[in-house]
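Peer 1: Sharing a structure, written as C-alpha cells. Questions coming.
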Amino acid sequence: MPEFTLLPHPDRPSLAVTAIRVSVARDGNTLSLRYTVEGDLDRVRWPEPAAPARTDELWMHTCFEAFIQPAGQAGYVELNLSPSGRWASYAFDGHREGMRDAGAVPDLGWTSPTLTARVDLAEIGGCDWRIGLTMVVEAIDGSKSFWALEHKPNAPAPDFHNADCFNARLPAPAAR
C-alpha cells in the first residue's frame with residue numbers, strides 16, 4: 001500500500017495537526033484509503049458519531065477527502081468522508097463543473113486517529129486513476145487548515161478540485 005504525506009496550505013497552517021499520512025490501495029474497482037492524523041488531537045473539532053448516510057457539506061468541518069480521476073479524462077469523483085460515519089460522493093464533468101451525486105457508497109471505519117474507507121468505483125473502473133488526497137481540519141477554536149498532496153503554487157486559497165494536484169497514481173488492474 002503506497003503511503004503519502006499531506007501538506008498544509010501555506011496560508012492556513014494547523015494549530016493542532018502536525019502530520020497526515022494516507023495509504024492507498026486498489027483491488028479491481030475498489031479503492032481502499034487509510035488516513036492517519038498526528039498532533040494534538042484534543043485541539044481538533046471531531047464530528048459527533050452519526051448513522052452512516054449521504055450528507056452534503058461535510059467539508060465545512062473536519063473531513064477526509066479523495067478525488068479520483070480516470071487518466072486522460074476531465075471528469076472525476078469526489079469522496080467526502082467524515083469521522084462521524086457520514087459520507088458524500090459526487091461526480092464532476094470537469095473542474096467544479098457538472099456536479100451530481102455519484103453512485104459510490106463508502107464503507108467507513110473511525111478509530112481516532114485513523115479513518116479507513118473502502119469504496120467500489122465501478123463507474124470509473126477499467127482505467128488508471130489519478131488521485132488527489134486531502135483533508136479539512138477544524139480546530140476547536142473554529143479555525144480551519146487545508147491539507148493536500150500538493151497545493152497550486154501561489155494560490156491565495158486551497159483548491160482541492162485542481163487536477164494538477166491529483167498526484168497519486170493507481171494503475172488499472174492487469175487484464176487476466
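All residue names refer to the C-alpha cells as shown: chains lettered A, B, ... in order, residues numbered from 1 in each chain, ligands numbered from 1 in order.
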Excluding A:His161 and any residue of its chain fewer than 3 positions from it, enumerate the residues within 9 Å of it, using only C-alpha atoms, and give them as a VMD selection string.
Peer 2: chain A and resid 67 78 95 to 96 132 158 164 to 166
Peer 1: For the selection you just gave me, I'd like the residues written to a file as a PDB file, in the first residue's frame, keeping N, CA and C atoms.
Peer 2:
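Heads up, here's the output in again39.pdb:
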```
ATOM      1  N   PHE A  67     -10.145  12.630  -4.386  1.00  0.00           N
ATOM      2  CA  PHE A  67     -10.603  12.975  -5.721  1.00  0.00           C
ATOM      3  C   PHE A  67      -9.983  11.952  -6.663  1.00  0.00           C
ATOM      4  N   GLU A  78     -15.490  12.847  -6.426  1.00  0.00           N
ATOM      5  CA  GLU A  78     -15.052  13.379  -5.136  1.00  0.00           C
ATOM      6  C   GLU A  78     -15.715  12.578  -4.031  1.00  0.00           C
ATOM      7  N   HIS A  95     -13.412  20.575 -13.919  1.00  0.00           N
ATOM      8  CA  HIS A  95     -13.089  21.346 -12.717  1.00  0.00           C
ATOM      9  C   HIS A  95     -14.331  22.066 -12.185  1.00  0.00           C
ATOM     10  N   ARG A  96     -14.916  21.512 -11.114  1.00  0.00           N
ATOM     11  CA  ARG A  96     -16.102  22.054 -10.456  1.00  0.00           C
ATOM     12  C   ARG A  96     -17.301  22.214 -11.397  1.00  0.00           C
ATOM     13  N   GLY A 132      -6.264  12.745  -5.942  1.00  0.00           N
ATOM     14  CA  GLY A 132      -5.937  13.840  -5.039  1.00  0.00           C
ATOM     15  C   GLY A 132      -6.398  13.455  -3.648  1.00  0.00           C
ATOM     16  N   PRO A 158      -6.885  27.360  -0.950  1.00  0.00           N
ATOM     17  CA  PRO A 158      -6.793  25.963  -1.376  1.00  0.00           C
ATOM     18  C   PRO A 158      -7.847  25.653  -2.438  1.00  0.00           C
ATOM     19  N   ASP A 164      -4.325  19.389 -11.335  1.00  0.00           N
ATOM     20  CA  ASP A 164      -2.863  19.432 -11.337  1.00  0.00           C
ATOM     21  C   ASP A 164      -2.291  18.887 -10.031  1.00  0.00           C
ATOM     22  N   CYS A 165      -3.129  18.811  -9.004  1.00  0.00           N
ATOM     23  CA  CYS A 165      -2.692  18.338  -7.688  1.00  0.00           C
ATOM     24  C   CYS A 165      -3.130  16.898  -7.410  1.00  0.00           C
ATOM     25  N   PHE A 166      -3.691  16.210  -8.410  1.00  0.00           N
ATOM     26  CA  PHE A 166      -4.064  14.798  -8.267  1.00  0.00           C
ATOM     27  C   PHE A 166      -2.810  13.978  -8.579  1.00  0.00           C
TER      28      PHE A 166
END
```
Peer 1: What are the nearest atom pairs, with distances in Å to one decimal, for all residues of stretch 26-109 of chain A that come at most 10 Å from stretch 145-152 of chain A, using only C-alpha atoms, set out by chain and rising residue number as JSON lines?
Peer 2:
```
{"residue": "A:Thr62", "atom": "CA", "partner": "A:Ser145", "partner_atom": "CA", "distance": 9.2}
{"residue": "A:Cys63", "atom": "CA", "partner": "A:Phe146", "partner_atom": "CA", "distance": 10.0}
{"residue": "A:Phe64", "atom": "CA", "partner": "A:Trp147", "partner_atom": "CA", "distance": 9.4}
{"residue": "A:Glu65", "atom": "CA", "partner": "A:Ala148", "partner_atom": "CA", "distance": 9.2}
{"residue": "A:Ala66", "atom": "CA", "partner": "A:Ala148", "partner_atom": "CA", "distance": 9.5}
```
Peer 1: Would you list the contacts of stretch 44-50 of chain A as a tab-separated table (two decimals) with N, CA, C and O atoms, in the first residue's frame, taking every protein, DNA or RNA residue within 12 Å and counting only C-alpha atoms, but skipping same-chain residues closer than 3 positions in sequence?
Peer 2:
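Output file part39.tsv is given in full below:
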```tsv
chain	number	residue	atom	x	y	z
A	14	SER	N	-2.13	24.57	10.55
A	14	SER	CA	-2.94	23.98	11.63
A	14	SER	C	-2.34	24.32	12.98
A	14	SER	O	-1.12	24.32	13.16
A	15	LEU	N	-3.22	24.58	13.94
A	15	LEU	CA	-2.80	24.80	15.32
A	15	LEU	C	-2.70	23.48	16.08
A	15	LEU	O	-2.15	23.44	17.17
A	16	ALA	N	-3.25	22.43	15.50
A	16	ALA	CA	-3.34	21.16	16.22
A	16	ALA	C	-2.62	20.01	15.52
A	16	ALA	O	-1.95	19.21	16.16
A	17	VAL	N	-2.77	19.90	14.22
A	17	VAL	CA	-2.26	18.75	13.47
A	17	VAL	C	-0.85	19.01	12.97
A	17	VAL	O	-0.55	20.08	12.44
A	18	THR	N	0.02	18.03	13.15
A	18	THR	CA	1.41	18.15	12.70
A	18	THR	C	1.69	17.29	11.47
A	18	THR	O	2.65	17.57	10.74
A	37	VAL	N	-3.88	10.73	11.35
A	37	VAL	CA	-3.64	12.12	11.74
A	37	VAL	C	-2.75	12.12	12.98
A	37	VAL	O	-2.95	11.34	13.91
A	38	GLU	N	-1.76	13.04	12.99
A	38	GLU	CA	-0.85	13.18	14.14
A	38	GLU	C	-0.91	14.61	14.66
A	38	GLU	O	-1.15	15.54	13.89
A	39	GLY	N	-0.67	14.76	15.95
A	39	GLY	CA	-0.63	16.09	16.55
A	39	GLY	C	-1.37	16.11	17.86
A	39	GLY	O	-1.59	15.07	18.50
A	40	ASP	N	-1.78	17.30	18.27
A	40	ASP	CA	-2.55	17.49	19.50
A	40	ASP	C	-4.03	17.30	19.15
A	40	ASP	O	-4.76	18.26	18.91
A	41	LEU	N	-4.46	16.04	19.11
A	41	LEU	CA	-5.79	15.71	18.60
A	41	LEU	C	-6.92	16.22	19.48
A	41	LEU	O	-8.06	16.33	19.03
A	53	ALA	N	-24.79	7.86	6.43
A	53	ALA	CA	-25.77	8.39	5.48
A	53	ALA	C	-25.08	9.41	4.58
A	53	ALA	O	-24.15	10.08	5.00
A	54	ARG	N	-25.58	9.50	3.35
A	54	ARG	CA	-25.10	10.53	2.43
A	54	ARG	C	-25.47	11.88	3.03
A	54	ARG	O	-26.62	12.11	3.41
A	55	THR	N	-24.48	12.79	3.11
A	55	THR	CA	-24.69	14.10	3.74
A	55	THR	C	-23.86	15.14	2.99
A	55	THR	O	-22.67	14.94	2.78
A	58	LEU	N	-20.09	18.21	4.21
A	58	LEU	CA	-19.22	17.64	5.25
A	58	LEU	C	-17.89	18.39	5.31
A	58	LEU	O	-17.28	18.49	6.38
A	59	TRP	N	-17.44	18.92	4.18
A	59	TRP	CA	-16.16	19.62	4.09
A	59	TRP	C	-16.14	20.91	4.92
A	59	TRP	O	-15.09	21.51	5.11
A	60	MET	N	-17.26	21.33	5.42
A	60	MET	CA	-17.29	22.55	6.23
A	60	MET	C	-16.73	22.32	7.64
A	60	MET	O	-16.55	23.27	8.40
A	61	HIS	N	-16.48	21.07	7.97
A	61	HIS	CA	-15.91	20.70	9.27
A	61	HIS	C	-14.79	19.69	9.02
A	61	HIS	O	-14.42	19.45	7.88
A	62	THR	N	-14.25	19.09	10.04
A	62	THR	CA	-13.19	18.11	9.85
A	62	THR	C	-13.70	17.00	8.93
A	62	THR	O	-14.71	16.36	9.21
A	63	CYS	N	-12.97	16.79	7.83
A	63	CYS	CA	-13.43	15.86	6.81
A	63	CYS	C	-12.24	15.36	5.99
A	63	CYS	O	-11.39	16.15	5.59
A	64	PHE	N	-12.20	14.08	5.73
A	64	PHE	CA	-11.21	13.46	4.86
A	64	PHE	C	-11.80	13.43	3.45
A	64	PHE	O	-13.00	13.19	3.30
A	81	LEU	N	-15.47	12.08	3.44
A	81	LEU	CA	-15.53	11.00	4.42
A	81	LEU	C	-15.38	11.61	5.81
A	81	LEU	O	-14.33	12.11	6.17
A	82	SER	N	-16.45	11.57	6.59
A	82	SER	CA	-16.44	12.18	7.91
A	82	SER	C	-16.17	11.13	8.99
A	82	SER	O	-16.71	10.02	8.92
A	83	PRO	N	-15.39	11.51	10.01
A	83	PRO	CA	-15.21	10.60	11.15
A	83	PRO	C	-16.53	10.29	11.85
A	83	PRO	O	-16.61	9.33	12.60
A	84	SER	N	-17.57	11.06	11.58
A	84	SER	CA	-18.89	10.81	12.17
A	84	SER	C	-19.51	9.53	11.63
A	84	SER	O	-20.40	8.95	12.24
A	85	GLY	N	-19.06	9.09	10.44
A	85	GLY	CA	-19.67	7.96	9.75
A	85	GLY	C	-20.47	8.42	8.54
A	85	GLY	O	-20.88	7.61	7.71
A	86	ARG	N	-20.70	9.72	8.43
A	86	ARG	CA	-21.41	10.28	7.28
A	86	ARG	C	-20.45	10.38	6.10
A	86	ARG	O	-19.24	10.42	6.27
A	87	TRP	N	-20.99	10.47	4.89
A	87	TRP	CA	-20.18	10.49	3.69
A	87	TRP	C	-20.95	11.19	2.55
A	87	TRP	O	-22.16	11.39	2.64
A	108	LEU	N	-17.00	3.06	5.86
A	108	LEU	CA	-16.07	3.83	6.69
A	108	LEU	C	-15.82	3.16	8.04
A	108	LEU	O	-16.71	2.53	8.60
A	109	GLY	N	-14.61	3.39	8.55
A	109	GLY	CA	-14.25	3.00	9.92
A	109	GLY	C	-13.48	4.14	10.55
A	109	GLY	O	-12.66	4.77	9.90
A	110	TRP	N	-13.75	4.44	11.80
A	110	TRP	CA	-13.05	5.52	12.51
A	110	TRP	C	-12.64	5.05	13.89
A	110	TRP	O	-13.49	4.66	14.71
A	111	THR	N	-11.35	5.02	14.13
A	111	THR	CA	-10.79	4.81	15.45
A	111	THR	C	-9.68	5.85	15.57
A	111	THR	O	-8.65	5.73	14.91
A	112	SER	N	-9.95	6.90	16.34
A	112	SER	CA	-9.02	8.02	16.42
A	112	SER	C	-7.60	7.51	16.68
A	112	SER	O	-7.40	6.68	17.55
A	113	PRO	N	-6.66	7.93	15.90
A	113	PRO	CA	-6.62	8.99	14.88
A	113	PRO	C	-6.67	8.49	13.44
A	113	PRO	O	-6.11	9.11	12.54
A	115	LEU	N	-8.85	7.00	10.01
A	115	LEU	CA	-10.07	6.74	9.26
A	115	LEU	C	-9.73	5.77	8.14
A	115	LEU	O	-8.72	5.95	7.44
A	136	VAL	N	-9.71	18.52	5.42
A	136	VAL	CA	-10.01	19.77	6.10
A	136	VAL	C	-9.97	19.46	7.59
A	136	VAL	O	-10.59	18.49	8.04
A	137	VAL	N	-9.22	20.26	8.35
A	137	VAL	CA	-9.12	20.07	9.80
A	137	VAL	C	-9.68	21.32	10.47
A	137	VAL	O	-9.17	22.42	10.26
A	138	GLU	N	-10.73	21.12	11.26
A	138	GLU	CA	-11.30	22.22	12.03
A	138	GLU	C	-10.80	22.12	13.47
A	138	GLU	O	-10.97	21.08	14.12
A	139	ALA	N	-10.15	23.17	13.94
A	139	ALA	CA	-9.66	23.21	15.32
A	139	ALA	C	-10.81	23.60	16.25
A	139	ALA	O	-11.84	24.13	15.80
A	140	ILE	N	-10.62	23.36	17.53
A	140	ILE	CA	-11.70	23.67	18.49
A	140	ILE	C	-12.00	25.16	18.56
A	140	ILE	O	-13.09	25.55	18.96
A	141	ASP	N	-11.07	26.02	18.11
A	141	ASP	CA	-11.33	27.46	18.07
A	141	ASP	C	-12.07	27.88	16.80
A	141	ASP	O	-12.35	29.06	16.59
A	142	GLY	N	-12.41	26.90	15.92
A	142	GLY	CA	-13.14	27.18	14.70
A	142	GLY	C	-12.26	27.45	13.48
A	142	GLY	O	-12.75	27.50	12.36
A	143	SER	N	-10.95	27.63	13.68
A	143	SER	CA	-10.05	27.84	12.53
A	143	SER	C	-9.94	26.54	11.74
A	143	SER	O	-10.11	25.46	12.27
A	144	LYS	N	-9.64	26.68	10.45
A	144	LYS	CA	-9.52	25.51	9.59
A	144	LYS	C	-8.18	25.51	8.88
A	144	LYS	O	-7.68	26.55	8.47
A	145	SER	N	-7.62	24.31	8.74
A	145	SER	CA	-6.44	24.12	7.91
A	145	SER	C	-6.83	23.17	6.79
A	145	SER	O	-7.74	22.35	6.93
```
Peer 1: Residues of chain A classed as helix (DSSP H, G or I) by DSSP on the backbone are to be reported as a list in words.
Peer 2: Leu41, Asp42, Arg43, Leu58, Trp59, Met60, Ala122, Glu123, Ile124, Ala163, Asp164 and Cys165 of chain A
Peer 1: Pick from A:Ala174, A:His9, A:Gly72, A:Met1: nearest to A:Asp159, with only C-alpha atoms counted?
Peer 2: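 Closest residue, counting only C-alpha atoms: A:His9.
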Peer 1: If I take atom CA of A:Gly28 and atom CA of A:Tyr76, how far is one from the other in Å, to one decimal?
Peer 2: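 We find that atom CA of A:Gly28 and atom CA of A:Tyr76 lie 17.5 Å from each other.
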Peer 1: Residues near A:Trp129, anyone? I mean within 6 Å using only C-alpha atoms, not counting same-chain ones fewer than 5 positions away, as a list of chain:residue names.
Peer 2: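 Here the answer would be A:Gln69, A:Pro70, A:Ala71, A:Arg169, A:Leu170.
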Peer 1: Apply DSSP to the structure's backbone, then extract all residues of stretch 22-144 of chain A labelled strand (DSSP E) and return them as a PyMOL selection string.
Peer 2: chain A and resi 22-27+30-39+63-70+76-81+87-92+100-101+107-111+114-120+129-138+144
Peer 1: Quick one: pull the distance between atom CA of A:Asp120 and atom CA of A:Ser32, Å, one decimal.
Peer 2: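 For atom CA of A:Asp120 relative to atom CA of A:Ser32, the distance reads 9.0 Å.
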Peer 1: What does the distance from atom CA of A:Arg43 to atom CA of A:Ala19 come to in Å, to one decimal?
Peer 2: 13.9 Å
Peer 1: Write out as a PyMOL selection string the residues lying within 10 Å of A:Asp56, counting only C-alpha atoms and excluding same-chain residues fewer than 5 positions away.
Peer 2: chain A and resi 80+86-90+101
Peer 1: List the neighbours of A:Ala91 out to 9 Å using only C-alpha atoms; skip same-chain residues closer than 4 positions along the sequence, and give me the result as a PyMOL selection string.
Peer 2: chain A and resi 75-78+98-103
